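Text of entry-v2.cif, listed as mmCIF, C-alpha atoms:
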data_target
#
loop_
_atom_site.label_atom_id
_atom_site.label_comp_id
_atom_site.auth_asym_id
_atom_site.auth_seq_id
_atom_site.Cartn_x
_atom_site.Cartn_y
_atom_site.Cartn_z
CA MET A 362 30.71 39.08 30.93
CA PRO A 363 30.60 35.76 29.04
CA PRO A 364 27.62 33.51 29.78
CA GLU A 365 28.16 31.00 32.53
CA LYS A 366 28.95 27.43 31.48
CA PRO A 367 26.87 24.72 33.09
CA ALA A 368 28.53 22.26 35.42
CA LEU A 369 26.44 19.43 33.96
CA HIS A 370 24.66 19.01 30.67
CA GLU A 371 22.12 16.58 29.27
CA HIS A 372 20.39 16.60 25.92
CA ASP A 373 17.50 14.24 25.10
CA VAL A 374 15.33 13.54 22.14
CA VAL A 375 12.18 11.74 23.26
CA LEU A 376 9.68 10.26 20.83
CA LEU A 377 6.22 9.03 21.75
CA GLY A 378 4.59 6.52 19.43
CA ASP A 379 4.43 2.77 18.85
CA PHE A 380 7.73 0.89 18.99
CA ASN A 381 9.09 -2.61 18.88
CA PRO A 382 11.86 -2.31 21.47
CA LYS A 383 13.81 -5.41 20.46
CA ILE A 384 14.84 -3.79 17.19
CA PHE A 385 16.86 -1.12 18.94
CA GLN A 386 19.92 -3.08 19.92
CA PRO A 387 23.53 -1.94 19.39
CA ALA A 388 24.01 -4.58 16.69
CA TRP A 389 21.14 -3.15 14.66
CA PHE A 390 22.46 0.40 14.88
CA GLY A 391 25.89 -0.90 13.86
CA SER A 392 24.54 -2.93 10.94
CA GLU A 393 22.87 0.22 9.60
CA GLY A 394 26.12 2.16 9.96
CA LEU A 395 24.60 4.54 12.50
CA ILE A 396 27.23 3.92 15.18
CA ARG A 397 30.84 2.76 14.98
CA LYS A 398 31.72 -0.94 15.07
CA LEU A 399 33.90 -0.38 18.13
CA GLU A 400 30.91 1.24 19.82
CA VAL A 401 28.78 -1.82 19.09
CA ASP A 402 31.44 -4.04 20.65
CA GLY A 403 31.78 -1.79 23.68
CA ALA A 404 28.09 -1.20 24.33
CA GLU A 405 26.89 -1.74 27.89
CA ILE A 406 23.54 -3.45 27.62
CA ALA A 407 21.26 -2.99 30.62
CA VAL A 408 18.31 -4.96 29.26
CA VAL A 409 17.07 -6.41 25.99
CA HIS A 410 13.48 -7.58 26.24
CA GLN A 411 10.40 -7.44 24.06
CA GLU A 412 8.98 -4.72 26.32
CA VAL A 413 12.09 -2.68 27.01
CA VAL A 414 15.60 -2.18 25.67
CA SER A 415 18.28 -0.04 27.28
CA PHE A 416 21.95 0.28 26.45
CA THR A 417 24.74 2.79 26.83
CA LEU A 418 27.70 3.84 24.73
CA GLU A 419 30.45 6.20 25.81
CA TRP A 420 28.40 9.15 24.54
CA LEU A 421 24.86 7.87 24.17
CA LYS A 422 22.09 6.15 26.09
CA ILE A 423 19.14 4.55 24.32
CA GLU A 424 15.99 3.49 26.18
CA VAL A 425 12.98 2.12 24.33
CA THR A 426 9.63 0.83 25.52
CA ARG A 427 6.50 0.10 23.53
CA GLU A 428 5.39 3.74 23.80
CA ARG A 429 8.62 5.69 24.11
CA PHE A 430 12.01 6.11 22.48
CA LEU A 431 14.70 8.09 24.27
CA ALA A 432 18.16 9.05 23.03
CA THR A 433 20.27 11.02 25.44
CA THR A 434 23.80 12.32 25.86
CA LEU A 435 25.56 13.87 28.84
CA GLN A 436 28.20 15.55 26.68
CA GLU A 437 27.52 18.67 24.67
CA ALA A 438 29.96 17.49 22.00
CA TYR A 439 27.43 14.82 21.02
CA ASP A 440 24.21 16.83 20.91
CA GLU A 441 24.22 16.95 17.10
CA PRO A 442 25.14 13.25 16.72
CA VAL A 443 22.15 12.37 18.95
CA ARG A 444 19.87 14.34 16.66
CA ASP A 445 21.43 12.74 13.58
CA LEU A 446 21.07 9.27 15.06
CA VAL A 447 17.36 9.77 15.74
CA LEU A 448 16.76 11.23 12.28
CA SER A 449 18.63 8.41 10.59
CA THR A 450 16.94 5.71 12.68
CA PHE A 451 13.45 6.82 11.82
CA ARG A 452 14.21 7.53 8.19
CA ILE A 453 15.09 3.84 8.01
CA LEU A 454 12.11 2.85 10.19
CA ARG A 455 9.80 5.30 8.48
CA HIS A 456 6.67 3.25 9.09
CA THR A 457 6.99 3.60 12.86
CA PRO A 458 3.99 5.68 14.00
CA LEU A 459 5.27 8.73 15.85
CA ARG A 460 2.95 11.26 17.47
CA LYS A 461 5.08 13.51 19.67
CA VAL A 462 8.67 14.62 20.05
CA GLY A 463 10.40 16.38 22.90
CA ILE A 464 13.70 18.14 22.38
CA ASN A 465 15.02 18.53 25.91
CA LEU A 466 17.94 20.33 27.44
CA ASP A 467 18.85 19.83 31.07
CA GLU A 468 21.69 21.81 32.69
CA HIS A 469 22.99 22.26 36.22
CA PHE A 470 24.68 25.52 37.21
CA GLN A 471 26.96 26.08 40.19
CA ILE A 472 25.89 28.94 42.45
CA GLU A 473 28.55 30.88 44.36
CA SER A 474 27.11 30.40 47.85
CA GLU A 475 24.24 28.76 49.72
CA GLU A 476 22.99 32.21 50.65
CA ARG A 477 22.71 33.13 46.97
CA TRP A 478 21.21 29.73 46.23
CA HIS A 479 18.44 30.22 48.77
CA LEU A 480 17.82 33.69 47.36
CA ILE A 481 17.19 32.17 43.91
CA GLY A 482 14.49 29.92 45.33
CA HIS A 483 13.00 32.85 47.19
CA VAL A 484 12.79 34.95 44.00
CA LEU A 485 11.11 32.09 42.11
CA ALA A 486 8.71 31.23 44.92
CA PRO A 487 8.43 33.91 47.61
CA LYS A 488 8.03 32.27 51.01
CA GLU A 489 5.71 34.75 52.71
CA LEU A 490 2.57 33.15 51.25
CA TRP A 491 3.68 29.65 52.16
CA GLU A 492 4.75 30.53 55.70
CA GLU A 493 1.08 31.17 56.44
CA VAL A 494 0.23 27.53 55.74
CA LEU A 495 3.45 25.48 56.15
CA GLN A 496 6.29 25.29 58.61
CA ASN A 497 9.69 26.16 57.17
CA PRO A 498 8.60 25.96 53.49
CA GLY A 499 11.17 25.41 50.73
CA MET A 500 10.84 25.25 46.94
CA LYS A 501 11.51 21.76 45.58
CA SER A 502 10.68 22.45 41.93
CA LEU A 503 8.85 24.90 39.74
CA ILE A 504 7.37 24.18 36.31
CA ILE A 505 6.19 26.92 33.96
CA GLN A 506 4.65 26.19 30.58
CA GLY A 507 4.26 28.58 27.67
CA THR A 508 2.65 28.35 24.25
CA ARG A 509 4.79 27.61 21.23
CA PRO A 510 6.34 30.64 19.48
CA ASP A 511 5.70 29.05 16.07
CA ASN A 512 2.56 27.66 14.43
CA LEU A 513 3.23 24.07 15.50
CA LYS A 514 1.19 22.07 17.97
CA GLY A 515 2.77 21.64 21.41
CA TYR A 516 4.26 23.77 24.16
CA VAL A 517 7.51 24.89 25.76
CA GLN A 518 7.96 23.94 29.37
CA VAL A 519 10.67 25.06 31.77
CA ALA A 520 11.39 23.40 35.08
CA VAL A 521 13.68 24.77 37.79
CA ALA A 522 14.80 22.87 40.85
CA PRO A 523 17.72 22.61 43.26
CA SER A 524 20.40 20.47 41.69
CA GLY A 525 20.88 17.05 43.24
CA ARG A 526 24.35 16.77 41.71
CA VAL A 527 25.96 20.18 42.06
CA HIS A 528 25.85 21.98 45.38
CA PRO A 529 24.89 24.68 45.75
CA GLY A 530 23.40 24.46 42.29
CA VAL A 531 20.32 25.01 40.22
CA ARG A 532 18.94 22.67 37.61
CA PHE A 533 17.05 23.93 34.57
CA ASN A 534 15.15 21.68 32.24
CA VAL A 535 13.64 22.96 28.99
CA ASN A 536 11.17 20.62 27.33
CA ASP A 537 10.41 21.79 23.77
CA HIS A 538 7.39 19.68 22.94
CA PHE A 539 5.87 19.13 19.49
CA GLU A 540 2.91 17.04 18.36
CA VAL A 541 1.50 15.90 15.03
CA GLU A 542 -1.59 17.71 13.83
CA LYS A 543 -3.80 14.60 13.72
CA PRO A 544 -2.53 11.95 16.15
CA ASP A 545 -5.34 9.47 15.38
CA SER A 546 -4.40 9.23 11.71
CA VAL A 547 -0.60 9.10 11.93
CA ILE A 548 0.84 6.13 10.05
CA GLY A 549 4.59 6.76 10.02
CA SER A 550 7.48 8.86 11.20
CA ASP A 551 7.76 11.48 8.46
CA GLU A 552 5.83 14.30 10.13
CA ILE A 553 7.70 14.06 13.43
CA MET A 554 11.08 13.61 11.74
CA ASN A 555 10.44 16.68 9.59
CA ILE A 556 9.58 18.62 12.75
CA LEU A 557 12.76 17.42 14.44
CA GLU A 558 14.97 18.18 11.47
CA ASN A 559 13.49 21.63 10.81
CA ASN A 560 13.29 22.78 14.43
CA TRP A 561 16.23 21.28 16.30
CA VAL A 562 18.63 24.21 15.76
CA GLU A 563 16.02 26.78 16.76
CA SER A 564 14.96 24.67 19.72
CA ARG A 565 18.54 24.52 21.00
CA LYS A 566 18.95 28.27 20.64
CA ARG A 567 15.66 28.83 22.47
CA ALA A 568 16.61 26.54 25.34
CA VAL A 569 20.04 28.13 25.76
CA THR A 570 18.51 31.63 25.68
CA ILE A 571 15.90 30.66 28.28
CA MET A 572 18.51 29.27 30.65
CA ARG A 573 20.94 32.10 30.08
CA THR A 574 18.26 34.72 30.70
CA LEU A 575 17.04 33.02 33.86
CA MET A 576 20.58 32.63 35.20
CA GLU A 577 21.39 36.29 34.54
CA ARG A 578 18.22 37.42 36.29
CA LEU A 579 18.48 35.06 39.21
CA ASN A 580 22.20 35.03 39.80
CA GLY A 581 22.89 38.70 39.19
CA MET B 687 15.29 8.71 44.32
CA VAL B 688 13.40 9.71 41.21
CA SER B 689 14.17 13.24 40.14
CA GLU B 690 11.72 15.91 41.17
CA LEU B 691 11.38 16.71 37.50
CA ALA B 692 10.12 13.21 36.59
CA ILE B 693 6.42 12.47 36.53
CA ASP B 694 5.23 11.63 40.04
CA LEU B 695 3.62 8.22 39.54
CA THR B 696 1.77 8.44 42.83
CA MET B 697 -0.08 11.53 41.60
CA ASP B 698 -1.12 9.80 38.37
CA SER B 699 -1.62 6.36 39.86
CA SER B 700 -5.39 6.26 39.25
CA ARG B 701 -5.06 7.03 35.58
CA PHE B 702 -2.00 4.82 35.23
CA ALA B 703 -3.74 1.89 36.95
CA GLU B 704 -6.55 1.91 34.36
CA GLN B 705 -4.24 1.31 31.46
CA PRO B 706 -2.88 -2.05 30.31
CA GLY B 707 0.62 -2.94 31.49
CA THR B 708 0.20 -1.67 35.06
CA ASP B 709 2.73 -2.39 37.76
CA GLN B 710 1.15 -5.69 38.86
CA GLU B 711 0.61 -7.03 35.34
CA LEU B 712 4.14 -6.29 34.26
CA LEU B 713 5.60 -7.62 37.48
CA ALA B 714 3.75 -10.91 36.98
CA LYS B 715 4.79 -11.12 33.34
CA PHE B 716 8.47 -10.57 34.01
CA LYS B 717 8.67 -12.36 37.30
CA ASP B 718 12.22 -13.42 36.60
CA MET B 719 13.36 -9.82 36.42
CA GLN B 720 13.95 -8.19 39.74
CA GLU B 721 11.05 -6.08 40.84
CA ALA B 722 13.21 -3.03 41.33
CA GLN B 723 14.59 -3.32 37.81
CA ILE B 724 11.15 -3.53 36.22
CA LYS B 725 9.82 -0.64 38.26
CA SER B 726 12.75 1.45 37.17
CA TYR B 727 11.42 1.20 33.60
CA LEU B 728 7.83 2.14 34.38
CA THR B 729 6.77 5.63 33.65
CA ALA B 730 3.62 7.38 32.50
CA PRO B 731 3.07 6.46 28.81
CA ASP B 732 3.05 10.08 27.68
CA SER B 733 5.97 11.18 29.81
CA GLU B 734 8.92 12.76 28.12
CA THR B 735 11.20 12.49 31.11
CA PRO B 736 13.92 9.83 31.08
CA ILE B 737 12.96 6.43 32.46
CA PHE B 738 16.26 6.14 34.22
CA SER B 739 17.64 8.63 36.56
CA GLY B 740 20.57 6.29 35.87
CA GLY B 741 23.16 7.95 38.05
CA GLN B 742 21.58 11.35 37.79
CA ASP B 743 19.84 13.05 40.69
CA THR B 744 19.94 9.96 42.84
CA THR B 745 20.54 12.06 45.92
CA GLU B 746 17.76 13.72 47.84
CA THR B 747 17.47 17.33 46.68
CA ALA B 748 17.35 19.86 49.45
CA PRO B 749 14.75 22.55 48.82
CA PHE B 750 15.48 26.23 48.45
CA LYS B 751 14.77 27.88 51.82
CA LYS B 752 14.66 31.53 52.66
CA PRO B 753 17.91 33.51 52.85
CA GLY B 754 19.68 33.15 56.18
CA THR B 755 19.17 29.38 56.43
CA PRO B 756 22.23 27.74 58.03
CA PRO B 757 24.50 25.75 55.66
CA MET B 758 23.80 22.06 55.07
CA VAL B 759 26.08 19.05 55.54
CA ARG B 760 26.44 17.23 52.22
CA GLY B 761 26.69 13.50 51.62
CA PRO B 762 29.57 11.69 49.87
CA ALA B 763 30.72 13.06 46.51
CA VAL B 764 29.40 11.51 43.29
CA LYS B 765 31.90 9.22 41.55
CA LEU B 766 33.59 10.95 38.60
CA ARG B 767 33.45 9.59 35.07
CA ASP B 768 35.44 10.51 32.00
CA LYS B 769 33.83 13.41 30.25
CA PHE B 770 34.54 15.92 27.51
CA ILE B 771 33.72 19.61 27.96
CA SER B 772 33.41 21.57 24.73
CA PHE B 773 34.48 25.16 24.66
CA HIS B 774 34.06 25.39 20.93
CA LYS B 775 32.23 23.34 18.34
CA TRP B 776 32.11 23.44 14.55
CA GLU B 777 30.28 21.64 11.81
CA GLY B 778 32.71 20.83 9.03
CA ILE B 779 32.27 19.93 5.36
CA VAL B 780 35.12 18.17 3.59
CA MET B 781 36.24 20.26 0.61
CA LYS B 782 39.40 18.52 -0.59
CA ILE B 783 41.29 15.36 0.27
CA LEU B 784 45.06 15.20 -0.12
CA GLY B 785 47.54 12.42 0.57
CA ASP B 786 47.57 12.50 4.32
CA SER B 787 45.31 15.42 5.09
CA PHE B 788 42.03 17.03 4.12
CA TYR B 789 40.65 20.55 3.95
CA ALA B 790 37.28 21.45 5.40
CA LYS B 791 34.99 24.46 5.65
CA LEU B 792 34.06 25.06 9.27
CA THR B 793 30.86 26.65 10.55
CA SER B 794 30.82 27.57 14.22
CA LEU B 795 27.99 26.00 16.22
CA PHE B 796 28.69 28.20 19.26
CA SER B 797 28.65 31.64 17.67
CA ASP B 798 27.79 33.57 14.52
CA ASP B 799 31.45 33.93 13.53
CA PRO B 800 32.17 33.72 9.79
CA ASP B 801 33.01 30.35 8.29
CA GLU B 802 36.64 29.28 8.32
CA GLU B 803 38.77 26.76 6.49
CA ALA B 804 41.17 24.38 8.14
CA GLU B 805 43.42 21.49 7.26
CA PHE B 806 43.23 18.27 9.26
CA SER B 807 45.52 15.28 9.32
CA LEU B 808 43.93 11.98 8.36
CA GLU B 809 45.38 10.73 11.64
CA ASP B 810 42.88 12.97 13.43
CA ILE B 811 40.01 10.83 12.14
CA PRO B 812 39.01 7.81 14.24
CA ALA B 813 39.64 4.59 12.32
CA ASP B 814 35.94 3.65 12.19
CA ASP B 815 35.10 7.02 10.60
CA ARG B 816 37.74 6.95 7.86
CA PRO B 817 35.49 5.11 5.37
CA LEU B 818 33.10 8.07 5.69
CA LEU B 819 35.70 10.56 4.46
CA GLN B 820 34.82 11.93 1.03
CA VAL B 821 34.33 15.35 -0.47
CA GLY B 822 31.04 16.68 0.89
CA SER B 823 31.07 14.58 4.07
CA VAL B 824 29.91 16.37 7.19
CA PHE B 825 31.65 16.07 10.53
CA TYR B 826 31.58 17.69 13.96
CA TRP B 827 34.76 19.06 15.49
CA ASN B 828 34.75 19.80 19.21
CA VAL B 829 37.65 21.44 21.00
CA GLY B 830 37.72 21.42 24.76
CA TYR B 831 38.90 19.63 27.86
CA HIS B 832 38.88 15.96 28.63
CA ASP B 833 38.37 15.27 32.34
CA SER B 834 39.39 11.78 33.36
CA SER B 835 37.70 9.79 36.09
CA ILE B 836 40.63 10.54 38.38
CA GLY B 837 40.34 14.27 37.87
CA GLN B 838 43.12 14.79 35.32
CA ARG B 839 42.26 17.50 32.82
CA SER B 840 43.85 17.75 29.38
CA ARG B 841 43.16 19.72 26.24
CA SER B 842 41.60 17.60 23.58
CA SER B 843 39.48 17.57 20.45
CA ILE B 844 36.94 15.19 19.01
CA ILE B 845 36.11 14.61 15.36
CA ARG B 846 32.99 12.62 14.56
CA PHE B 847 31.58 12.15 11.08
CA ARG B 848 27.85 12.35 10.52
CA ARG B 849 26.30 8.97 9.75
CA LEU B 850 23.25 8.94 7.53
CA PRO B 851 21.33 5.95 6.20
CA VAL B 852 22.21 4.74 2.74
CA TRP B 853 19.51 5.54 0.20
CA THR B 854 18.20 2.35 -1.37
CA ARG B 855 16.85 2.09 -4.90
CA ARG B 856 13.37 1.83 -3.41
CA ASP B 857 13.89 5.06 -1.40
CA ILE B 858 14.89 6.87 -4.58
CA GLU B 859 11.91 5.52 -6.52
CA ASP B 860 9.56 6.49 -3.67
CA ALA B 861 11.04 9.99 -3.66
CA ARG B 862 10.62 10.28 -7.44
CA ARG B 863 7.01 9.17 -7.22
CA ARG B 864 6.21 11.67 -4.46
CA ALA B 865 7.95 14.45 -6.37
CA ALA B 866 5.82 13.60 -9.41
CA GLU B 867 2.65 13.68 -7.30
CA ILE B 868 3.55 17.09 -5.90
CA ALA B 869 4.47 18.42 -9.33
CA ASP B 870 1.14 17.19 -10.63
CA LEU B 871 -0.73 18.94 -7.81
CA LEU B 872 1.08 22.17 -8.57
CA GLY B 873 0.46 21.82 -12.27
CA TRP B 874 4.15 21.65 -13.11
CA GLU B 875 5.46 19.68 -16.04
CA GLU B 876 7.54 16.75 -14.89
CA PRO B 877 11.20 17.32 -15.89
CA GLU B 878 12.97 14.66 -17.88
CA ILE B 879 15.27 12.91 -15.45
CA PRO B 880 17.53 10.36 -17.08
CA SER B 881 17.10 7.01 -15.41
CA ARG B 882 20.17 5.39 -13.95
CA THR B 883 20.87 1.70 -13.62
#

Kindly transcribe the structure held in the file into structure tokens.
Amino acid sequence: MPPEKPALHEHDVVLLGDFNPKIFQPAWFGSEGLIRKLEVDGAEIAVVHQEVVSFTLEWLKIEVTRERFLATTLQEAYDEPVRDLVLSTFRILRHTPLRKVGINLDEHFQIESEERWHLIGHVLAPKELWEEVLQNPGMKSLIIQGTRPDNLKGYVQVAVAPSGRVHPGVRFNVNDHFEVEKPDSVIGSDEIMNILENNWVESRKRAVTIMRTLMERLNG
Amino acid sequence: MVSELAIDLTMDSSRFAEQPGTDQELLAKFKDMQEAQIKSYLTAPDSETPIFSGGQDTTETAPFKKPGTPPMVRGPAVKLRDKFISFHKWEGIVMKILGDSFYAKLTSLFSDDPDEEAEFSLEDIPADDRPLLQVGSVFYWNVGYHDSSIGQRSRSSIIRFRRLPVWTRRDIEDARRRAAEIADLLGWEEPEIPSRT
């Protein structure tokens, strides 16, 4: 039986470091050739301020504060372009201090019935314990964290929750988190960009395998 | 409503309040921005969850209950947007360019199938990407369905060329210098690389 396709998909690359948000405007990305000219012209800008910048293209959302850079897409067709955009951006801005990167995959799966949907929550968090201390308990979210399967600093975290957008549905979020070895002495972006470039493919495979395995076990 | 998967600011409020740029400081600084808009951008500094729910998970999520719970009444449906659903995806490398077409080697990004070759019309390339077409260029080819905002589904494909920064002369010199440093550390003799103007 082929693996189930998600009803909704979101892929993020999140960087934690020190940023100057006002750089990250559509015009800058266009001037560096990182997005199309038509995309620059069609960008929907939510805010451009020295503390925060946020804009959206048809396939991409960028949000930047002093401490955080986020690039996200809701369409699987653009997962690789998001990665490429982040790599290209911080090869140009290589003196930006970056300390952590999260490669995140977020997917919502449709479940065949509410009965089945409740059963999934019951498998993840059996109610008998909670019925001793709460009235009518229900699982809102569950987060499990594991150590990294490689020799890099960080962790892999999986969150499961009822979907707020697909009903009945389940939302999985896999946060593949990496950190530099010595955060106090980081002076640029090279270490984090090398981690992103060398681990993105494996991270995607890992996230898809995690979700697929959980769905097979939970949904039968 | 903030997604359940976002950091709960109320839980971390004591730690958050000790750091510069707290709610009250930022609100005072950007008093011309609406309070709700500023607060929508605040998140724990080390959070990796999106600042915006931005149209995602804005509805209250009902918890999983035990089996046998009566069905729920749902709220209004979420407004549809145009979206593309891939059912296959390849990374392509341009091998040969002809008059009005080009040949590419395709590597599947969805499976371990062997590489394939295919011919594409130049008309398949978006106008803004055509300057990127040269032998060796990398592109992504997605085949799937396009769902319009009014629910119309049609078969479609997307080609998007990879965009990489242009190497400057300084980048190349920096790379040469670092290569020389590494070669020196390893005790290798530096090869003679003809300089280019």

Subject >> One-decimal distance in Å that lies between atom CA of A:Leu369 and atom CA of A:Leu579 >> reply: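 Computing the Euclidean distance for atom CA of A:Leu579 and atom CA of A:Leu369 yields 18.3 Å.
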
Subject >> Ground truth for the PyMOL selection byres ((chain A) within 7 of (chain B)), written as a VMD selection string >> reply: chain A and resid 375 377 393 to 395 397 to 398 428 436 to 438 442 449 453 463 475 to 476 479 to 480 482 to 483 488 498 to 502 523 to 526

Original post:
Once the PyMOL selection byres ((chain A and resi 410-414) around 8) has been applied to the shown file, what residues remain in the selection, as a list in words?
Top reply: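 Output from the PyMOL selection byres ((chain A and resi 410-414) around 8), applied to this file: Asn381, Pro382, Lys383, Phe385, Gln386, Ala407, Val408, Val409, Ser415, Phe416, Ile423, Glu424, Val425, Thr426 and Arg427 of chain A; Tyr727 of chain B.
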
Original post:
Could you work out how far atom CA of B:Leu808 lies from atom CA of B:Gly778, giving the answer in Å with one decimal?
Top reply: 14.3 Å

**OP:** Determine the residue membership of the PyMOL selection byres ((chain A and resi 529) around 7) for the file above and supply it as a PyMOL selection string.
**Re:** chain A and resi 471-472+474-475+478+527-528+530

Using the selection just defined, write its residues with C-alpha atoms as a PDB file, keeping the file's coordinate frame.
ATOM      1  CA  GLN A 471      26.960  26.080  40.190  1.00  0.00           C
ATOM      2  CA  ILE A 472      25.890  28.940  42.450  1.00  0.00           C
ATOM      3  CA  SER A 474      27.110  30.400  47.850  1.00  0.00           C
ATOM      4  CA  GLU A 475      24.240  28.760  49.720  1.00  0.00           C
ATOM      5  CA  TRP A 478      21.210  29.730  46.230  1.00  0.00           C
ATOM      6  CA  VAL A 527      25.960  20.180  42.060  1.00  0.00           C
ATOM      7  CA  HIS A 528      25.850  21.980  45.380  1.00  0.00           C
ATOM      8  CA  GLY A 530      23.400  24.460  42.290  1.00  0.00           C
TER       9      GLY A 530
END

Original post:
At what distance in Å, to one decimal, does atom CA of A:Pro510 lie from atom CA of A:Ile553?
Top reply: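 Spanning atom CA of A:Ile553 to atom CA of A:Pro510 is a straight-line distance of 17.7 Å.
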
**OP:** Fewer than 6 positions away in the same chain doesn't count, so skip those; otherwise give me all residues within 7 Å of A:Arg455, counting only C-alpha atoms, as a PyMOL selection string.
**Re:** chain A and resi 549-551

To test the calculation: enclose all listed atoms of stretch 790-805 of chain B in a box whose edges run along x, y and z, add 8 Å on each side, then state centre and edge lengths in Å to one decimal, as lines of an AutoDock Vina configuration file.
center_x = 35.6
center_y = 27.7
center_z = 12.3
size_x = 31.6
size_y = 28.5
size_z = 29.9

**OP:** Between A:Ile571, A:His456, A:Ile464, A:His372, single out the one closest to A:Trp420, counting only C-alpha atoms.
**Re:**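 Once distances to A:Trp420 are computed over only C-alpha atoms, the minimum belongs to A:His372.
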
Subject >> For B:Arg816, the nearest of the candidates B:Leu871, B:Ile858, B:Phe788, B:Ile836, counting only C-alpha atoms >> reply: B:Phe788

Subject >> Residue nearest A:Arg578 among A:Val484, A:Asn512, A:Asn536, A:Asp379 (counting all atoms listed in the file) >> reply: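 Residue with the minimum atom-to-atom distance to A:Arg578: A:Val484.
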
Original post:
Which protein, DNA or RNA residues are at most 10 Å from (28.4, 1.0, 23.5) in the file's coordinates when you count all atoms listed in the file, listed as a VMD selection string?
Top reply: chain A and resid 387 to 388 396 to 406 416 to 423

Would you put the residues from that selection into a file with C-alpha atoms, as a JSON list (two decimals), in the coordinates of the input?
[["chain", "number", "residue", "atom", "x", "y", "z"],
["A", 387, "PRO", "CA", 23.53, -1.94, 19.39],
["A", 388, "ALA", "CA", 24.01, -4.58, 16.69],
["A", 396, "ILE", "CA", 27.23, 3.92, 15.18],
["A", 397, "ARG", "CA", 30.84, 2.76, 14.98],
["A", 398, "LYS", "CA", 31.72, -0.94, 15.07],
["A", 399, "LEU", "CA", 33.90, -0.38, 18.13],
["A", 400, "GLU", "CA", 30.91, 1.24, 19.82],
["A", 401, "VAL", "CA", 28.78, -1.82, 19.09],
["A", 402, "ASP", "CA", 31.44, -4.04, 20.65],
["A", 403, "GLY", "CA", 31.78, -1.79, 23.68],
["A", 404, "ALA", "CA", 28.09, -1.20, 24.33],
["A", 405, "GLU", "CA", 26.89, -1.74, 27.89],
["A", 406, "ILE", "CA", 23.54, -3.45, 27.62],
["A", 416, "PHE", "CA", 21.95, 0.28, 26.45],
["A", 417, "THR", "CA", 24.74, 2.79, 26.83],
["A", 418, "LEU", "CA", 27.70, 3.84, 24.73],
["A", 419, "GLU", "CA", 30.45, 6.20, 25.81],
["A", 420, "TRP", "CA", 28.40, 9.15, 24.54],
["A", 421, "LEU", "CA", 24.86, 7.87, 24.17],
["A", 422, "LYS", "CA", 22.09, 6.15, 26.09],
["A", 423, "ILE", "CA", 19.14, 4.55, 24.32]]

**OP:** For each of A:Lys461, A:Val519, A:Glu558, A:Leu446, take the minimum atom-to-atom distance to A:Phe539, counting only C-alpha atoms, then give the residue where this is smallest.
**Re:**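 Of A:Lys461, A:Val519, A:Glu558, A:Leu446, the one nearest A:Phe539 is A:Lys461, counting only C-alpha atoms.
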